[in-house]
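Some notes on the structure that comes next.
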Amino acid sequence: MENENKHIVPYRTILLVLGVLIILTLTSVFLTRIYLGALTVFAALLIAAVKSTFVLRIFMHLKLENRMFTILTIGVATVVAFVIIGTITDYIFR
């Protein structure tokens, strides 16, 4: 227990990321009030992807972990993206 690596993220970084997450959330809420057609969904998903990247890297300390965890996380996110794209494609072309 004494030799554990502690990942200490400064409070300034946490507060900065929290501010960015709040701004991105408000942006996605206001984006729903603007009609952009199919781009509305794309923009909302893009904002959600950016927000999840911040959460994964800062709050879940993925930035400080081994590269293998990062590669596996990207792999899982890619598989989930393909499943979502496949589902949307199936729904559209029925």
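Chains: A, B, ... in order of the structure tokens. Residues: from 1 per chain. Ligands: from 1, in order shown.
Every protein or nucleic acid residue with an atom no more than 8 Å from segment 57-70 of chain A, counting only C-alpha atoms and leaving out same-chain residues fewer than 2 positions away, appears here: His7, Val9, Ile14, Val17, Thr53, Phe54, Val55, Leu72, Thr73 and Ile74 of chain A.
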Alpha helix (DSSP H) residues, from DSSP on the backbone, in segment 4-86 of chain A, as a count of residues only: 58
Atomic separation - atom CA of Thr25 of chain A relative to atom CA of Ala48 of chain A, Å: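 Interatomic distance here is 8.4 Å.
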